[in-house]
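Data from coords.cif: mmCIF, N, CA and C atoms
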data_start
loop_
_atom_site.label_atom_id
_atom_site.label_comp_id
_atom_site.auth_asym_id
_atom_site.auth_seq_id
_atom_site.Cartn_x
_atom_site.Cartn_y
_atom_site.Cartn_z
N MET A 140 -8.65 47.14 -29.02
CA MET A 140 -8.40 46.87 -27.61
C MET A 140 -7.81 48.14 -26.98
N ASN A 141 -8.36 48.53 -25.84
CA ASN A 141 -7.82 49.73 -25.19
C ASN A 141 -6.54 49.38 -24.42
N PRO A 142 -5.75 50.38 -24.07
CA PRO A 142 -4.47 50.13 -23.39
C PRO A 142 -4.60 49.37 -22.06
N ALA A 143 -5.68 49.59 -21.34
CA ALA A 143 -5.88 48.87 -20.07
C ALA A 143 -6.07 47.38 -20.32
N GLU A 144 -6.85 47.04 -21.33
CA GLU A 144 -7.04 45.63 -21.67
C GLU A 144 -5.73 45.00 -22.13
N ALA A 145 -4.96 45.73 -22.94
CA ALA A 145 -3.66 45.23 -23.40
C ALA A 145 -2.73 44.98 -22.21
N HIS A 146 -2.75 45.89 -21.23
CA HIS A 146 -1.94 45.75 -20.02
C HIS A 146 -2.30 44.46 -19.29
N ILE A 147 -3.59 44.20 -19.16
CA ILE A 147 -4.06 43.00 -18.46
C ILE A 147 -3.61 41.74 -19.19
N LEU A 148 -3.76 41.72 -20.51
CA LEU A 148 -3.45 40.53 -21.29
C LEU A 148 -1.96 40.22 -21.36
N LYS A 149 -1.10 41.22 -21.14
CA LYS A 149 0.33 40.94 -21.20
C LYS A 149 0.94 40.53 -19.85
N GLN A 150 0.11 40.41 -18.82
CA GLN A 150 0.59 39.96 -17.51
C GLN A 150 0.96 38.49 -17.57
N GLN A 151 1.93 38.11 -16.77
CA GLN A 151 2.30 36.70 -16.67
C GLN A 151 1.34 35.98 -15.72
N GLU A 152 1.25 34.69 -15.90
CA GLU A 152 0.43 33.88 -14.97
C GLU A 152 1.16 33.76 -13.64
N PRO A 153 0.49 33.68 -12.53
CA PRO A 153 -0.95 33.58 -12.36
C PRO A 153 -1.66 34.93 -12.35
N TYR A 154 -0.91 36.01 -12.50
CA TYR A 154 -1.47 37.35 -12.37
C TYR A 154 -2.50 37.68 -13.45
N LYS A 155 -2.26 37.21 -14.67
CA LYS A 155 -3.21 37.47 -15.75
C LYS A 155 -4.57 36.87 -15.42
N SER A 156 -4.59 35.65 -14.91
CA SER A 156 -5.86 35.01 -14.54
C SER A 156 -6.56 35.77 -13.42
N ILE A 157 -5.79 36.25 -12.47
CA ILE A 157 -6.36 37.04 -11.37
C ILE A 157 -6.96 38.33 -11.92
N TYR A 158 -6.20 39.05 -12.75
CA TYR A 158 -6.70 40.28 -13.38
C TYR A 158 -8.02 40.01 -14.11
N LEU A 159 -8.03 38.97 -14.94
CA LEU A 159 -9.21 38.68 -15.75
C LEU A 159 -10.41 38.34 -14.88
N HIS A 160 -10.19 37.58 -13.82
CA HIS A 160 -11.28 37.25 -12.90
C HIS A 160 -11.83 38.52 -12.24
N LEU A 161 -10.94 39.37 -11.77
CA LEU A 161 -11.37 40.63 -11.14
C LEU A 161 -12.11 41.52 -12.14
N GLN A 162 -11.62 41.55 -13.37
CA GLN A 162 -12.26 42.35 -14.42
C GLN A 162 -13.70 41.88 -14.64
N VAL A 163 -13.90 40.58 -14.72
CA VAL A 163 -15.25 40.04 -14.92
C VAL A 163 -16.15 40.42 -13.75
N ILE A 164 -15.65 40.28 -12.54
CA ILE A 164 -16.47 40.62 -11.36
C ILE A 164 -16.83 42.10 -11.36
N ILE A 165 -15.85 42.96 -11.60
CA ILE A 165 -16.11 44.40 -11.60
C ILE A 165 -17.14 44.76 -12.66
N GLU A 166 -16.95 44.28 -13.87
CA GLU A 166 -17.83 44.66 -14.97
C GLU A 166 -19.22 44.05 -14.84
N HIS A 167 -19.33 42.91 -14.17
CA HIS A 167 -20.65 42.32 -13.91
C HIS A 167 -21.36 43.06 -12.77
N THR A 168 -20.61 43.41 -11.73
CA THR A 168 -21.19 44.08 -10.57
C THR A 168 -21.52 45.54 -10.85
N LEU A 169 -20.64 46.21 -11.60
CA LEU A 169 -20.81 47.63 -11.91
C LEU A 169 -20.80 47.81 -13.43
N PRO A 170 -21.89 47.45 -14.11
CA PRO A 170 -21.89 47.50 -15.57
C PRO A 170 -21.66 48.89 -16.16
N GLU A 171 -21.90 49.92 -15.37
CA GLU A 171 -21.69 51.29 -15.86
C GLU A 171 -20.22 51.73 -15.72
N ALA A 172 -19.40 50.92 -15.06
CA ALA A 172 -17.98 51.25 -14.87
C ALA A 172 -17.24 51.16 -16.21
N VAL A 173 -16.32 52.09 -16.39
CA VAL A 173 -15.52 52.17 -17.61
C VAL A 173 -14.07 51.86 -17.26
N LEU A 174 -13.45 50.98 -18.03
CA LEU A 174 -12.06 50.62 -17.82
C LEU A 174 -11.17 51.58 -18.59
N LEU A 175 -10.33 52.32 -17.87
CA LEU A 175 -9.40 53.27 -18.47
C LEU A 175 -7.97 52.91 -18.07
N TYR A 176 -7.02 53.47 -18.78
CA TYR A 176 -5.61 53.25 -18.47
C TYR A 176 -5.05 54.57 -17.95
N LYS A 177 -4.87 54.66 -16.63
CA LYS A 177 -4.38 55.87 -15.97
C LYS A 177 -3.17 55.50 -15.11
N TRP A 178 -2.17 56.34 -15.11
CA TRP A 178 -0.98 56.12 -14.30
C TRP A 178 -0.35 54.74 -14.58
N ARG A 179 -0.46 54.29 -15.80
CA ARG A 179 0.06 52.98 -16.24
C ARG A 179 -0.62 51.81 -15.54
N LEU A 180 -1.88 52.02 -15.14
CA LEU A 180 -2.66 50.99 -14.45
C LEU A 180 -4.07 50.91 -15.03
N PRO A 181 -4.67 49.72 -15.05
CA PRO A 181 -6.09 49.62 -15.36
C PRO A 181 -6.89 50.22 -14.20
N CYS A 182 -7.74 51.19 -14.51
CA CYS A 182 -8.55 51.87 -13.49
C CYS A 182 -10.00 51.88 -13.94
N TYR A 183 -10.90 51.68 -13.00
CA TYR A 183 -12.33 51.74 -13.30
C TYR A 183 -12.90 53.05 -12.80
N TYR A 184 -13.72 53.66 -13.65
CA TYR A 184 -14.37 54.93 -13.36
C TYR A 184 -15.87 54.80 -13.60
N ILE A 185 -16.64 55.53 -12.82
CA ILE A 185 -18.07 55.71 -13.06
C ILE A 185 -18.31 57.20 -13.07
N ASP A 186 -18.88 57.70 -14.15
CA ASP A 186 -19.16 59.14 -14.29
C ASP A 186 -17.93 59.99 -13.98
N LYS A 187 -16.81 59.66 -14.55
CA LYS A 187 -15.56 60.38 -14.39
C LYS A 187 -15.00 60.36 -12.97
N ARG A 188 -15.55 59.48 -12.13
CA ARG A 188 -15.05 59.35 -10.76
C ARG A 188 -14.38 57.99 -10.60
N PRO A 189 -13.16 57.98 -10.03
CA PRO A 189 -12.46 56.71 -9.88
C PRO A 189 -13.13 55.79 -8.86
N ILE A 190 -13.18 54.53 -9.20
CA ILE A 190 -13.75 53.51 -8.31
C ILE A 190 -12.62 52.66 -7.73
N CYS A 191 -11.78 52.10 -8.61
CA CYS A 191 -10.67 51.26 -8.15
C CYS A 191 -9.64 51.11 -9.26
N TYR A 192 -8.48 50.62 -8.88
CA TYR A 192 -7.44 50.28 -9.85
C TYR A 192 -6.97 48.87 -9.57
N ILE A 193 -6.33 48.26 -10.58
CA ILE A 193 -5.76 46.93 -10.42
C ILE A 193 -4.28 47.01 -10.79
N ASN A 194 -3.43 46.47 -9.92
CA ASN A 194 -1.99 46.56 -10.14
C ASN A 194 -1.30 45.29 -9.65
N GLN A 195 -0.43 44.74 -10.50
CA GLN A 195 0.39 43.61 -10.06
C GLN A 195 1.67 44.18 -9.47
N SER A 196 1.96 43.79 -8.25
CA SER A 196 3.12 44.29 -7.54
C SER A 196 3.72 43.15 -6.73
N LYS A 197 5.02 43.02 -6.80
CA LYS A 197 5.70 41.93 -6.09
C LYS A 197 5.08 40.60 -6.46
N ASP A 198 4.51 39.90 -5.49
CA ASP A 198 3.93 38.57 -5.76
C ASP A 198 2.42 38.54 -5.57
N TYR A 199 1.74 39.66 -5.84
CA TYR A 199 0.29 39.73 -5.67
C TYR A 199 -0.32 40.74 -6.64
N VAL A 200 -1.65 40.65 -6.74
CA VAL A 200 -2.42 41.65 -7.48
C VAL A 200 -3.17 42.47 -6.45
N ASP A 201 -3.05 43.78 -6.59
CA ASP A 201 -3.61 44.75 -5.65
C ASP A 201 -4.82 45.41 -6.31
N VAL A 202 -5.96 45.43 -5.61
CA VAL A 202 -7.13 46.18 -6.07
C VAL A 202 -7.29 47.33 -5.10
N GLY A 203 -6.96 48.54 -5.54
CA GLY A 203 -6.97 49.70 -4.66
C GLY A 203 -8.24 50.51 -4.77
N PHE A 204 -8.71 50.98 -3.63
CA PHE A 204 -9.93 51.79 -3.55
C PHE A 204 -9.59 53.17 -2.98
N TRP A 205 -9.87 54.21 -3.75
CA TRP A 205 -9.57 55.57 -3.31
C TRP A 205 -10.53 56.04 -2.22
N HIS A 206 -11.77 55.57 -2.24
CA HIS A 206 -12.77 56.03 -1.27
C HIS A 206 -12.78 55.18 -0.01
N SER A 207 -11.70 54.53 0.28
CA SER A 207 -11.65 53.58 1.39
C SER A 207 -11.88 54.21 2.76
N ALA A 208 -11.64 55.49 2.89
CA ALA A 208 -11.85 56.15 4.19
C ALA A 208 -13.31 56.09 4.61
N HIS A 209 -14.21 55.91 3.66
CA HIS A 209 -15.64 55.90 3.94
C HIS A 209 -16.23 54.49 4.04
N LEU A 210 -15.43 53.48 3.78
CA LEU A 210 -15.94 52.11 3.82
C LEU A 210 -16.26 51.68 5.25
N SER A 211 -17.20 50.77 5.37
CA SER A 211 -17.56 50.23 6.68
C SER A 211 -16.36 49.56 7.33
N GLU A 212 -16.29 49.67 8.63
CA GLU A 212 -15.18 49.09 9.38
C GLU A 212 -15.14 47.57 9.27
N LYS A 213 -16.25 46.94 8.91
CA LYS A 213 -16.28 45.47 8.79
C LYS A 213 -15.32 44.97 7.72
N TRP A 214 -14.88 45.85 6.80
CA TRP A 214 -13.96 45.45 5.73
C TRP A 214 -12.49 45.58 6.15
N ASN A 215 -12.23 46.17 7.30
CA ASN A 215 -10.84 46.39 7.73
C ASN A 215 -10.02 45.09 7.81
N ALA A 216 -10.67 43.99 8.10
CA ALA A 216 -9.96 42.71 8.19
C ALA A 216 -9.46 42.25 6.82
N TYR A 217 -10.07 42.76 5.75
CA TYR A 217 -9.70 42.36 4.39
C TYR A 217 -8.80 43.35 3.69
N LEU A 218 -8.86 44.61 4.10
CA LEU A 218 -8.16 45.68 3.40
C LEU A 218 -6.78 45.96 3.98
N VAL A 219 -5.85 46.28 3.09
CA VAL A 219 -4.47 46.57 3.46
C VAL A 219 -4.22 48.06 3.26
N THR A 220 -3.57 48.71 4.22
CA THR A 220 -3.22 50.13 4.07
C THR A 220 -1.75 50.31 3.71
N GLU A 221 -0.89 49.56 4.37
CA GLU A 221 0.55 49.56 4.14
C GLU A 221 1.14 50.95 3.83
N LYS A 222 1.16 51.81 4.83
CA LYS A 222 1.80 53.12 4.78
C LYS A 222 1.17 54.07 3.75
N ARG A 223 -0.07 53.85 3.39
CA ARG A 223 -0.76 54.75 2.46
C ARG A 223 -1.79 55.56 3.23
N LYS A 224 -1.92 56.82 2.87
CA LYS A 224 -2.83 57.71 3.58
C LYS A 224 -4.27 57.60 3.11
N VAL A 225 -4.48 57.36 1.83
CA VAL A 225 -5.83 57.37 1.27
C VAL A 225 -6.29 55.99 0.83
N VAL A 226 -5.51 55.32 0.06
CA VAL A 226 -5.91 54.08 -0.58
C VAL A 226 -5.78 52.88 0.36
N LYS A 227 -6.80 52.03 0.32
CA LYS A 227 -6.74 50.70 0.94
C LYS A 227 -7.00 49.72 -0.18
N SER A 228 -6.49 48.50 -0.01
CA SER A 228 -6.62 47.57 -1.12
C SER A 228 -6.86 46.14 -0.65
N LEU A 229 -7.34 45.35 -1.59
CA LEU A 229 -7.44 43.91 -1.44
C LEU A 229 -6.26 43.32 -2.18
N ARG A 230 -5.65 42.29 -1.65
CA ARG A 230 -4.48 41.68 -2.29
C ARG A 230 -4.72 40.20 -2.51
N TYR A 231 -4.33 39.76 -3.72
CA TYR A 231 -4.55 38.37 -4.09
C TYR A 231 -3.29 37.78 -4.72
N LYS A 232 -2.84 36.65 -4.17
CA LYS A 232 -1.68 35.94 -4.72
C LYS A 232 -2.10 34.81 -5.64
N THR A 233 -3.31 34.31 -5.44
CA THR A 233 -3.84 33.24 -6.28
C THR A 233 -5.32 33.49 -6.54
N LEU A 234 -5.87 32.80 -7.53
CA LEU A 234 -7.31 32.89 -7.80
C LEU A 234 -8.12 32.42 -6.60
N LYS A 235 -7.60 31.41 -5.91
CA LYS A 235 -8.32 30.86 -4.74
C LYS A 235 -8.42 31.87 -3.60
N ASP A 236 -7.53 32.86 -3.58
CA ASP A 236 -7.56 33.89 -2.52
C ASP A 236 -8.76 34.83 -2.66
N ILE A 237 -9.33 34.89 -3.85
CA ILE A 237 -10.41 35.85 -4.10
C ILE A 237 -11.71 35.32 -3.52
N ASP A 238 -12.26 36.08 -2.60
CA ASP A 238 -13.59 35.80 -2.05
C ASP A 238 -14.55 36.69 -2.82
N ASP A 239 -15.22 36.12 -3.82
CA ASP A 239 -16.08 36.91 -4.69
C ASP A 239 -17.13 37.71 -3.92
N SER A 240 -17.73 37.11 -2.91
CA SER A 240 -18.80 37.81 -2.17
C SER A 240 -18.27 39.04 -1.43
N VAL A 241 -17.08 38.94 -0.85
CA VAL A 241 -16.48 40.10 -0.18
C VAL A 241 -16.14 41.18 -1.20
N PHE A 242 -15.51 40.77 -2.31
CA PHE A 242 -15.13 41.73 -3.34
C PHE A 242 -16.36 42.44 -3.91
N ILE A 243 -17.42 41.71 -4.21
CA ILE A 243 -18.65 42.29 -4.75
C ILE A 243 -19.27 43.25 -3.73
N SER A 244 -19.31 42.87 -2.47
CA SER A 244 -19.89 43.74 -1.44
C SER A 244 -19.12 45.05 -1.31
N ILE A 245 -17.79 44.96 -1.35
CA ILE A 245 -16.97 46.18 -1.27
C ILE A 245 -17.20 47.04 -2.51
N LEU A 246 -17.25 46.43 -3.69
CA LEU A 246 -17.51 47.20 -4.92
C LEU A 246 -18.84 47.95 -4.84
N LYS A 247 -19.88 47.28 -4.37
CA LYS A 247 -21.19 47.92 -4.26
C LYS A 247 -21.16 49.08 -3.26
N GLU A 248 -20.45 48.89 -2.17
CA GLU A 248 -20.35 49.96 -1.18
C GLU A 248 -19.55 51.14 -1.75
N VAL A 249 -18.46 50.85 -2.43
CA VAL A 249 -17.64 51.91 -3.03
C VAL A 249 -18.45 52.69 -4.08
N GLU A 250 -19.27 51.97 -4.84
CA GLU A 250 -20.11 52.64 -5.85
C GLU A 250 -20.99 53.70 -5.20
N GLY A 251 -21.53 53.39 -4.03
CA GLY A 251 -22.37 54.34 -3.31
C GLY A 251 -21.60 55.50 -2.71
N LEU A 252 -20.28 55.39 -2.66
CA LEU A 252 -19.43 56.43 -2.07
C LEU A 252 -18.78 57.32 -3.12
N LYS A 253 -19.03 57.08 -4.40
CA LYS A 253 -18.29 57.75 -5.46
C LYS A 253 -18.44 59.27 -5.44
N GLU A 254 -19.50 59.78 -4.84
CA GLU A 254 -19.69 61.23 -4.77
C GLU A 254 -18.91 61.87 -3.63
N LYS A 255 -18.43 61.06 -2.72
CA LYS A 255 -17.66 61.59 -1.58
C LYS A 255 -16.22 61.83 -1.99
N GLY A 256 -15.53 62.65 -1.23
CA GLY A 256 -14.11 62.88 -1.46
C GLY A 256 -13.30 61.68 -0.98
N PHE A 257 -12.02 61.73 -1.22
CA PHE A 257 -11.15 60.62 -0.83
C PHE A 257 -10.90 60.62 0.68
N TYR A 258 -10.95 61.79 1.30
CA TYR A 258 -10.65 61.89 2.72
C TYR A 258 -11.95 62.00 3.52
N LYS A 259 -11.96 61.44 4.70
CA LYS A 259 -13.11 61.56 5.58
C LYS A 259 -12.97 62.85 6.38
N LYS A 260 -13.98 63.67 6.29
CA LYS A 260 -13.95 64.95 7.02
C LYS A 260 -14.60 64.75 8.37
N ASN A 261 -13.94 65.24 9.38
CA ASN A 261 -14.47 65.09 10.75
C ASN A 261 -15.45 66.16 11.08
#
For the file at hand, write its structure as structure tokens.
Amino acid sequence: MNPAEAHILKQQEPYKSIYLHLQVIIEHTLPEAVLLYKWRLPCYYIDKRPICYINQSKDYVDVGFWHSAHLSEKWNAYLVTEKRKVVKSLRYKTLKDIDDSVFISILKEVEGLKEKGFYKKN
């Protein structure tokens, strides 16, 4: 078991169930994505490029996207910036909060952006 998987499995409920559900969605949607343990967080990479990370913080699980500056504006209603310059994230307090179709659509869009930098150049 790699360190990222161990990190996920040692989470307390309900966060462990949320992590596992997100892991299944990510790995099903992006089968080429590799789960690594970076910065003490489970992070998904494709071709050595970061796609997203998963982090339990306070009372929610955060799925952060580094390429969020390039995402369609239609996702702004779902994404949280909270004083961050680059990363935007989806936040889930319960399994019921996860809208699989929104999450899958964002993952597919982010996959297409992996060659871009983190910042949007004007």
- [ ] Just the strand (DSSP E) stuff from chain A, please, per backbone DSSP, written as a PyMOL selection string.
- [x] chain A and resi 173-177+180-185+188-196+199-204+227-231
Task: the PyMOL selection byres ((chain A and resi 207) around 7) applied to the shown file, residues as an MDAnalysis selection string - done: chainID A and resid 204:206 208:211 225:227 257
Task: Reference answer for the PyMOL selection byres (((chain A and resi 156-172 and name CA) around 10) and name CA), as a PyMOL selection string - done: chain A and resi 144+146-148+150-155+173-175+181-191+193-195+199-202+231-237+239-240+242-244+246-247+250
I'd like the box whose edges run along x, y and z of the file and which contains every listed atom of segment 209-224 of chain A, padded by 4 Å per side; could you state its centre and edge lengths in Å, one decimal, as AutoDock Vina command-line options?
--center_x -7.9 --center_y 50.0 --center_z 5.9 --size_x 27.4 --size_y 23.5 --size_z 14.9
- [ ] Would you please work out which residue, of A:Glu248, A:Ala145, A:Tyr176, A:Val241, is nearest to Ala216 of chain A when using only C-alpha atoms?
- [x]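 Counting only C-alpha atoms, the residue closest to Ala216 of chain A is A:Val241.
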Task: One-decimal distance in Å that lies between atom N of Lys197 of chain A and atom N of Met140 of chain A - done: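 The value is 26.4 Å.
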Task: Backbone DSSP call of helix (DSSP H, G or I) for segment 191-233 of chain A, listed as an NGL selection string - done: :A and (207-209 or 212-214)
Would you put the residues from that selection into a file with N, CA and C atoms, as an mmCIF file, keeping the file's coordinate frame?
data_model
loop_
_atom_site.group_PDB
_atom_site.id
_atom_site.type_symbol
_atom_site.label_atom_id
_atom_site.label_comp_id
_atom_site.auth_asym_id
_atom_site.auth_seq_id
_atom_site.Cartn_x
_atom_site.Cartn_y
_atom_site.Cartn_z
ATOM 1 N N SER A 207 -11.700 54.530 0.280
ATOM 2 C CA SER A 207 -11.650 53.580 1.390
ATOM 3 C C SER A 207 -11.880 54.210 2.760
ATOM 4 N N ALA A 208 -11.640 55.490 2.890
ATOM 5 C CA ALA A 208 -11.850 56.150 4.190
ATOM 6 C C ALA A 208 -13.310 56.090 4.610
ATOM 7 N N HIS A 209 -14.210 55.910 3.660
ATOM 8 C CA HIS A 209 -15.640 55.900 3.940
ATOM 9 C C HIS A 209 -16.230 54.490 4.040
ATOM 10 N N GLU A 212 -16.290 49.670 8.630
ATOM 11 C CA GLU A 212 -15.180 49.090 9.380
ATOM 12 C C GLU A 212 -15.140 47.570 9.270
ATOM 13 N N LYS A 213 -16.250 46.940 8.910
ATOM 14 C CA LYS A 213 -16.280 45.470 8.790
ATOM 15 C C LYS A 213 -15.320 44.970 7.720
ATOM 16 N N TRP A 214 -14.880 45.850 6.800
ATOM 17 C CA TRP A 214 -13.960 45.450 5.730
ATOM 18 C C TRP A 214 -12.490 45.580 6.150
#
Task: Gap from atom C of Gly203 of chain A to atom N of Asn141 of chain A - Å, one decimal - done: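 For atom C of Gly203 of chain A relative to atom N of Asn141 of chain A, the distance reads 21.2 Å.
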TODO: Could you check how far atom CA of Trp178 of chain A sits from atom CA of Ala143 of chain A, in Å to one decimal?
DONE: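 Distance reported for this atom pair: 10.5 Å.
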